[in-house]
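*Asks:* Data: upload.cif, mmCIF, C-alpha atoms and all ligand atoms.
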```cif
data_coords
loop_
_atom_site.label_atom_id
_atom_site.label_comp_id
_atom_site.auth_asym_id
_atom_site.auth_seq_id
_atom_site.Cartn_x
_atom_site.Cartn_y
_atom_site.Cartn_z
CA MET D 15 -40.23 -11.54 10.20
CA ASN D 16 -37.63 -9.84 8.05
CA SER D 17 -40.39 -9.24 5.56
CA LEU D 18 -42.38 -7.20 8.09
CA GLU D 19 -42.84 -3.69 6.73
CA TYR D 20 -44.58 -0.99 8.72
CA ARG D 21 -47.70 0.22 6.96
CA LEU D 22 -49.55 2.32 9.52
CA ASN D 23 -47.16 5.28 9.62
CA LEU D 24 -46.79 5.00 13.37
CA LEU D 25 -43.16 6.08 13.15
CA PRO D 26 -41.09 8.19 10.75
CA TYR D 27 -38.72 5.21 10.31
CA THR D 28 -38.73 1.80 8.69
CA ARG D 29 -38.35 -1.26 10.91
CA ALA D 30 -34.77 -1.73 9.67
CA GLU D 31 -33.89 1.85 10.61
CA LEU D 32 -35.51 1.43 14.00
CA ILE D 33 -33.50 -1.73 14.65
CA GLU D 34 -30.27 0.16 13.87
CA MET D 35 -31.24 2.92 16.31
CA VAL D 36 -32.00 0.43 19.06
CA LYS D 37 -28.75 -1.45 18.43
CA LYS D 38 -26.76 1.73 19.15
CA GLN D 39 -28.44 2.19 22.56
CA VAL D 40 -27.87 -1.19 24.20
CA SER D 41 -25.39 -4.02 24.74
CA LYS D 42 -25.32 -7.02 22.38
CA LYS D 43 -27.01 -9.20 24.99
CA ARG D 44 -29.80 -6.68 25.57
CA PHE D 45 -30.22 -6.28 21.81
CA ARG D 46 -30.72 -10.03 21.41
CA HIS D 47 -33.32 -9.92 24.19
CA ILE D 48 -35.08 -7.05 22.44
CA LEU D 49 -35.28 -8.95 19.14
CA GLY D 50 -36.61 -11.95 21.08
CA VAL D 51 -39.30 -9.81 22.70
CA GLU D 52 -40.30 -8.41 19.31
CA GLN D 53 -40.68 -11.93 17.94
CA SER D 54 -42.69 -13.14 20.93
CA ALA D 55 -44.86 -10.02 20.86
CA ILE D 56 -45.62 -10.54 17.17
CA GLU D 57 -46.53 -14.19 17.81
CA LEU D 58 -48.83 -13.25 20.70
CA ALA D 59 -50.43 -10.52 18.56
CA GLU D 60 -51.07 -13.10 15.82
CA GLN D 61 -52.56 -15.54 18.31
CA TYR D 62 -54.70 -13.08 20.26
CA GLY D 63 -55.72 -10.71 17.47
CA GLY D 64 -53.48 -7.75 18.33
CA CYS D 65 -51.90 -5.27 15.94
CA ILE D 66 -48.69 -6.85 14.56
CA GLU D 67 -47.05 -3.53 13.78
CA ARG D 68 -47.65 -2.11 17.25
CA ALA D 69 -46.42 -5.37 18.79
CA SER D 70 -43.23 -5.10 16.75
CA ILE D 71 -42.55 -1.46 17.64
CA ALA D 72 -43.37 -2.00 21.33
CA GLY D 73 -41.07 -5.03 21.44
CA LEU D 74 -38.22 -3.22 19.70
CA LEU D 75 -38.48 -0.12 21.90
CA HIS D 76 -39.50 -1.49 25.32
CA ASP D 77 -35.92 -1.57 26.72
CA TYR D 78 -34.57 1.31 24.59
CA CYS D 79 -33.75 3.29 27.77
CA LYS D 80 -32.58 0.33 29.86
CA GLU D 81 -28.92 1.34 29.89
CA MET D 82 -29.32 5.09 30.26
CA PRO D 83 -27.69 6.58 33.39
CA ALA D 84 -29.69 7.69 36.42
CA ASP D 85 -29.12 11.41 35.80
CA VAL D 86 -30.89 11.19 32.44
CA PHE D 87 -33.99 9.78 34.12
CA LEU D 88 -33.88 12.26 37.02
CA GLN D 89 -33.65 15.14 34.53
CA ALA D 90 -36.44 13.65 32.41
CA ILE D 91 -38.74 13.41 35.46
CA ASP D 92 -38.36 17.20 35.81
CA ASP D 93 -38.43 18.00 32.10
CA PHE D 94 -41.58 15.97 31.41
CA ARG D 95 -43.20 17.00 34.72
CA LEU D 96 -43.66 13.40 35.79
CA ASN D 97 -44.59 12.48 39.35
CA VAL D 98 -41.61 13.42 41.55
CA ASP D 99 -42.14 10.22 43.62
CA LEU D 100 -40.53 8.45 40.67
CA LYS D 101 -37.21 9.91 41.79
CA THR D 102 -37.13 7.51 44.76
CA TRP D 103 -37.05 4.46 42.42
CA ASN D 104 -34.30 3.14 40.15
CA ASN D 105 -33.50 2.09 36.58
CA ASN D 106 -35.62 -1.04 36.88
CA ILE D 107 -38.68 1.19 37.15
CA TRP D 108 -37.41 4.26 35.26
CA HIS D 109 -36.55 2.57 31.96
CA GLY D 110 -40.27 1.98 31.35
CA MET D 111 -42.13 4.59 33.42
CA VAL D 112 -39.82 7.46 32.43
CA GLY D 113 -38.44 5.79 29.30
CA ALA D 114 -41.80 6.13 27.54
CA SER D 115 -41.56 9.94 27.74
CA ILE D 116 -37.95 9.91 26.51
CA ILE D 117 -38.94 7.69 23.59
CA ARG D 118 -41.95 9.87 22.74
CA GLU D 119 -39.63 12.83 22.36
CA GLN D 120 -36.42 11.29 20.98
CA LEU D 121 -38.00 8.91 18.47
CA GLU D 122 -41.03 11.00 17.52
CA LEU D 123 -43.32 8.13 18.46
CA THR D 124 -46.81 9.50 18.96
CA ASP D 125 -48.81 6.28 19.25
CA GLU D 126 -50.11 6.39 22.82
CA ALA D 127 -51.05 2.70 22.84
CA ILE D 128 -47.43 1.71 22.19
CA LEU D 129 -46.09 4.30 24.62
CA HIS D 130 -48.41 3.04 27.35
CA ALA D 131 -47.36 -0.57 26.82
CA ILE D 132 -43.71 0.52 27.14
CA GLU D 133 -44.47 2.66 30.21
CA ILE D 134 -45.94 -0.24 32.19
CA HIS D 135 -44.00 -3.17 30.68
CA THR D 136 -42.14 -3.82 33.97
CA THR D 137 -45.03 -3.42 36.40
CA GLY D 138 -48.30 -3.94 34.56
CA ASN D 139 -51.38 -2.20 35.98
CA ALA D 140 -54.98 -3.04 36.84
CA GLN D 141 -56.37 -2.23 33.40
CA MET D 142 -54.04 -3.52 30.78
CA SER D 143 -54.93 -3.28 27.10
CA LEU D 144 -54.32 -6.23 24.78
CA LEU D 145 -51.06 -4.59 23.63
CA ASP D 146 -50.00 -3.93 27.26
CA LYS D 147 -50.47 -7.63 28.05
CA ILE D 148 -48.73 -8.77 24.88
CA LEU D 149 -45.61 -6.74 25.69
CA TYR D 150 -45.64 -7.60 29.41
CA VAL D 151 -45.84 -11.33 28.67
CA ALA D 152 -43.51 -11.30 25.63
CA ASP D 153 -40.81 -9.67 27.77
CA TYR D 154 -41.06 -12.60 30.18
CA ILE D 155 -41.26 -15.55 27.78
CA GLU D 156 -39.05 -14.56 24.81
CA LEU D 157 -36.88 -17.44 23.62
CA GLY D 158 -33.68 -16.08 25.15
CA ARG D 159 -35.13 -16.13 28.68
CA ASP D 160 -33.80 -18.98 30.75
CA PHE D 161 -35.16 -19.24 34.28
CA PRO D 162 -36.75 -22.24 36.01
CA ASP D 163 -40.43 -21.54 35.27
CA VAL D 164 -40.11 -20.01 31.82
CA GLN D 165 -41.34 -23.10 29.98
CA GLU D 166 -44.46 -23.19 32.14
CA ALA D 167 -44.97 -19.47 31.48
CA ARG D 168 -44.75 -20.12 27.71
CA GLU D 169 -47.31 -22.91 27.91
CA ILE D 170 -49.70 -20.76 29.92
CA ALA D 171 -49.26 -17.89 27.45
CA ASN D 172 -50.29 -20.27 24.70
CA GLN D 173 -53.57 -20.96 26.52
CA SER D 174 -54.55 -17.61 28.02
CA LEU D 175 -52.93 -14.18 27.97
CA ASP D 176 -54.59 -13.15 31.26
CA ALA D 177 -53.38 -16.33 32.95
CA ALA D 178 -49.87 -15.56 31.70
CA VAL D 179 -50.08 -12.03 33.15
CA ALA D 180 -51.13 -13.56 36.48
CA PHE D 181 -48.38 -16.18 36.45
CA GLU D 182 -45.68 -13.65 35.61
CA THR D 183 -46.90 -11.16 38.21
CA ALA D 184 -47.05 -13.74 41.01
CA HIS D 185 -43.56 -15.01 40.18
CA THR D 186 -42.04 -11.55 39.89
CA LEU D 187 -43.59 -10.52 43.21
CA ALA D 188 -42.35 -13.67 44.94
CA HIS D 189 -38.86 -12.98 43.54
CA LEU D 190 -38.87 -9.35 44.72
CA ILE D 191 -40.16 -10.29 48.18
CA ALA D 192 -37.57 -13.06 48.57
CA LYS D 193 -34.87 -10.48 47.87
CA ASN D 194 -36.39 -7.70 50.03
CA ILE D 195 -36.75 -5.46 47.00
CA ALA D 196 -39.31 -2.62 47.19
CA ILE D 197 -42.49 -3.29 45.21
CA TYR D 198 -43.66 -0.53 42.91
CA PRO D 199 -47.34 0.25 43.66
CA LEU D 200 -48.50 -0.60 40.12
CA THR D 201 -47.08 -4.11 40.55
CA ILE D 202 -49.40 -4.57 43.54
CA GLU D 203 -52.29 -3.25 41.46
CA THR D 204 -51.50 -5.83 38.79
CA TYR D 205 -51.36 -8.55 41.42
CA ASN D 206 -54.66 -7.54 43.03
CA HIS D 207 -56.46 -7.46 39.70
CA TYR D 208 -54.95 -10.37 37.75
CA CYS D 209 -53.94 -12.77 40.56
CA ALA D 210 -56.40 -12.02 43.37
CA GLY D 211 -59.46 -11.22 41.26
CA ARG D 212 -60.03 -7.73 42.62
CA LYS D 213 -62.03 -5.53 40.24
P1 LIG Z 301 -36.06 -6.40 31.59
O1 LIG Z 301 -35.98 -4.91 31.45
O2 LIG Z 301 -36.18 -7.11 30.28
O3 LIG Z 301 -34.93 -6.96 32.42
O4 LIG Z 301 -37.41 -6.77 32.40
P2 LIG Z 301 -38.44 -5.83 33.20
O5 LIG Z 301 -38.49 -4.48 32.61
O6 LIG Z 301 -39.72 -6.60 33.26
O7 LIG Z 301 -37.87 -5.79 34.68
C1 LIG Z 301 -36.72 -5.07 35.04
C2 LIG Z 301 -36.39 -5.37 36.48
O8 LIG Z 301 -37.35 -4.77 37.34
C3 LIG Z 301 -36.39 -6.86 36.83
O9 LIG Z 301 -35.23 -7.12 37.60
C4 LIG Z 301 -37.64 -7.04 37.65
O10 LIG Z 301 -37.52 -8.09 38.61
C5 LIG Z 301 -37.72 -5.69 38.34
N1 LIG Z 301 -39.07 -5.36 38.82
C6 LIG Z 301 -40.27 -5.79 38.36
N2 LIG Z 301 -41.28 -5.29 39.11
C7 LIG Z 301 -40.70 -4.53 40.06
C8 LIG Z 301 -41.22 -3.76 41.16
O11 LIG Z 301 -42.41 -3.69 41.42
N3 LIG Z 301 -40.30 -3.13 41.94
C9 LIG Z 301 -38.97 -3.18 41.69
N4 LIG Z 301 -38.14 -2.53 42.50
N5 LIG Z 301 -38.45 -3.89 40.66
C10 LIG Z 301 -39.30 -4.55 39.87
FE FE Z 302 -37.62 -3.82 30.73
FE FE Z 303 -37.11 -6.51 28.44
#
```
Using structure tokens, write down the structure that the file contains.
*Replies:*
Amino acid sequence: MNSLEYRLNLLPYTRAELIEMVKKQVSKKRFRHILGVEQSAIELAEQYGGCIERASIAGLLHDYCKEMPADVFLQAIDDFRLNVDLKTWNNNIWHGMVGASIIREQLELTDEAILHAIEIHTTGNAQMSLLDKILYVADYIELGRDFPDVQEAREIANQSLDAAVAFETAHTLAHLIAKNIAIYPLTIETYNHYCAGRK
């Protein structure tokens, strides 16, 4: 993977420069997770015919905003004229849904396919692109993840990307419900479409 060079001019940086920028934004533990997601995203892109370079950039940037304070997101919701309902959520939702706009501006990333995958990487939605699914699943199964069903999730991802989206969504929902955590509407959309077969 160290030999991966970006060729599509999606960013004004090399991969090595991007990695240094990400490293400055997050804790060591989060940085390791991010590198793991990049690797898993590249592997899924190879297996399912996705764009390797977009998978790499999406993986490296998906949690870029994860450790930013709440006031940055609240300001960004105003600055980028995002839906004000977002203000009632928290970092778990903001780092993707608002983070994508921050990344678009701060990192001069203009590729909307990558930005969309980052935007919905926590929640999914009813109409996920191949890249959206790759990032959503890679985030869940990267090698550093260690929760009871992760091995099963990896095996399912090896068989079918849609089945992996469904498995992850059902497990995340069950986890949120068990803890009485509010469900973001897009997460329900993902559930209805990928788990319950609604069109
Ligand atoms: P991470 O950033 O690598 O930790 O992973 P994610 O971006 O996928 O998830 C961040 C957090 O958001 C996790 O704790 C998820 O359980 C949580 N999360 C996922 N879906 C929802 C949702 O619909 N509502 C809320 N409130 N949290 C969610
Ligand atoms: Fe995340
Ligand atoms: Fe993540």
*Asks:* May I ask which of the residues D:Asn104, D:Cys209, D:Ala177, D:Gln89 is the closest one to Ile195 of chain D, counting only C-alpha atoms?
*Replies:*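 Using only C-alpha atoms, Ile195 of chain D sits closest to D:Asn104.
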*Asks:* Name the residues, by chain letter and number, that sit within 7 Å of ligand FE 303 (chain Z) using all atoms listed in the file, and give them as a PDB file with C-alpha atoms, in the frame of the given file.
*Replies:*
```pdb
ATOM      1  CA  HIS D  47     -33.320  -9.920  24.190  1.00  0.00           C
ATOM      2  CA  ILE D  48     -35.080  -7.050  22.440  1.00  0.00           C
ATOM      3  CA  VAL D  51     -39.300  -9.810  22.700  1.00  0.00           C
ATOM      4  CA  HIS D  76     -39.500  -1.490  25.320  1.00  0.00           C
ATOM      5  CA  ASP D  77     -35.920  -1.570  26.720  1.00  0.00           C
ATOM      6  CA  ASP D 153     -40.810  -9.670  27.770  1.00  0.00           C
TER       7      ASP D 153
END
```
*Asks:* Which residues are near ligand FE 302 (chain Z) - at most 12 Å, using all atoms listed in the file? Format: as a PyMOL selection string.
*Replies:* chain D and resi 44-45+47-48+51+72-81+105-114+131-138+149-154
*Asks:* Would you compute the distance between atom CA of His189 of chain D and atom C4 of ligand LIG 301 (chain Z)? Give it in Å to one decimal.
*Replies:*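 Atom CA of His189 of chain D sits 8.5 Å away from atom C4 of ligand LIG 301 (chain Z).
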*Asks:* Work out how far apart atom CA of Phe94 of chain D and atom CA of Ile128 of chain D are and give it in Å to one decimal.
*Replies:*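 Atom CA of Phe94 of chain D sits 18.0 Å away from atom CA of Ile128 of chain D.
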*Asks:* Considering all atoms listed in the file, can you say which of D:Asn206, D:Thr201, D:Ser143, D:Ser41 comes closest to ligand LIG 301 (chain Z)?
*Replies:*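 Of all the options, D:Thr201 lies closest to ligand LIG 301 (chain Z).
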*Asks:* Closest to Ile66 of chain D among D:Trp103, D:Tyr20, D:Tyr27, D:Phe161, using all atoms listed in the file?
*Replies:*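 Looking only at the distances to Ile66 of chain D, the closest residue turns out to be D:Tyr20.
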*Asks:* Compare D:Val86, D:Leu144, D:Leu25, D:Val40 by their minimum atom-to-atom distance to ligand LIG 301 (chain Z), counting only C-alpha atoms and all ligand atoms, and give me the closest one.
*Replies:* D:Val40
*Asks:* Atom CA of Ala55 of chain D and atom CA of Thr28 of chain D, how far apart in Å?
*Replies:*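 These atoms are spaced 18.0 Å apart.
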*Asks:* Please write as a tab-separated table (two decimals) with C-alpha atoms, in the frame of the given file the list of polymer residues whose atoms come within 9 Å of (-35.2, 5.9, 17.6), counting all atoms listed in the file and keeping to the coordinates of the file.
*Replies:*
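Contents of the output file part-v8.tsv:
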```tsv
chain	number	residue	atom	x	y	z
D	27	TYR	CA	-38.72	5.21	10.31
D	31	GLU	CA	-33.89	1.85	10.61
D	32	LEU	CA	-35.51	1.43	14.00
D	33	ILE	CA	-33.50	-1.73	14.65
D	34	GLU	CA	-30.27	0.16	13.87
D	35	MET	CA	-31.24	2.92	16.31
D	36	VAL	CA	-32.00	0.43	19.06
D	75	LEU	CA	-38.48	-0.12	21.90
D	78	TYR	CA	-34.57	1.31	24.59
D	117	ILE	CA	-38.94	7.69	23.59
D	120	GLN	CA	-36.42	11.29	20.98
D	121	LEU	CA	-38.00	8.91	18.47
D	122	GLU	CA	-41.03	11.00	17.52
D	123	LEU	CA	-43.32	8.13	18.46
```
*Asks:* Identify which of the residues D:Lys213, D:Lys38, D:Arg95, D:Arg46 lies closest to ligand LIG 301 (chain Z), counting all atoms listed in the file when measuring atom-to-atom distances.
*Replies:*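 Of D:Lys213, D:Lys38, D:Arg95, D:Arg46, the one nearest ligand LIG 301 (chain Z) is D:Arg46, counting all atoms listed in the file.
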*Asks:* For the point (-54.3, -10.2, 40.8) in the file's frame, write as a count of residues only all residues with an atom no more than 12 Å away, counting only C-alpha atoms.
*Replies:* 29
*Asks:* Which is closer to ligand LIG 301 (chain Z) than all the others in D:Ala59, D:Ala84, D:Ala196, D:Leu22, using only C-alpha atoms and all ligand atoms?
*Replies:*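 Smallest distance to ligand LIG 301 (chain Z) is found for D:Ala196.
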*Asks:* Counting all atoms listed in the file, what is within 10 Å of Leu157 of chain D, bar same-chain residues fewer than 6 positions away, as a list in words?
*Replies:*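 Contacts, in chain order: Arg46, His47, Leu49, Gly50, Val51, Gln53, Ser54, Val164, Gln165 and Arg168 of chain D.
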*Asks:* With 6 Å of padding per side, what axis-aligned box (centre and edge lengths, Å, one decimal) covers all the listed atoms of ligand LIG 301 (chain Z)? Give it as lines of an AutoDock Vina configuration file.
*Replies:*
```
center_x = -38.7
center_y = -5.3
center_z = 36.4
size_x = 19.5
size_y = 17.6
size_z = 24.2
```
*Asks:* Would you pick out the contacts of Asp125 of chain D at 9 Å or less, using only C-alpha atoms, so that residues sharing its chain but fewer than 5 positions from it are not included, and give the list as a PyMOL selection string?
*Replies:* chain D and resi 24-25+68+118+130
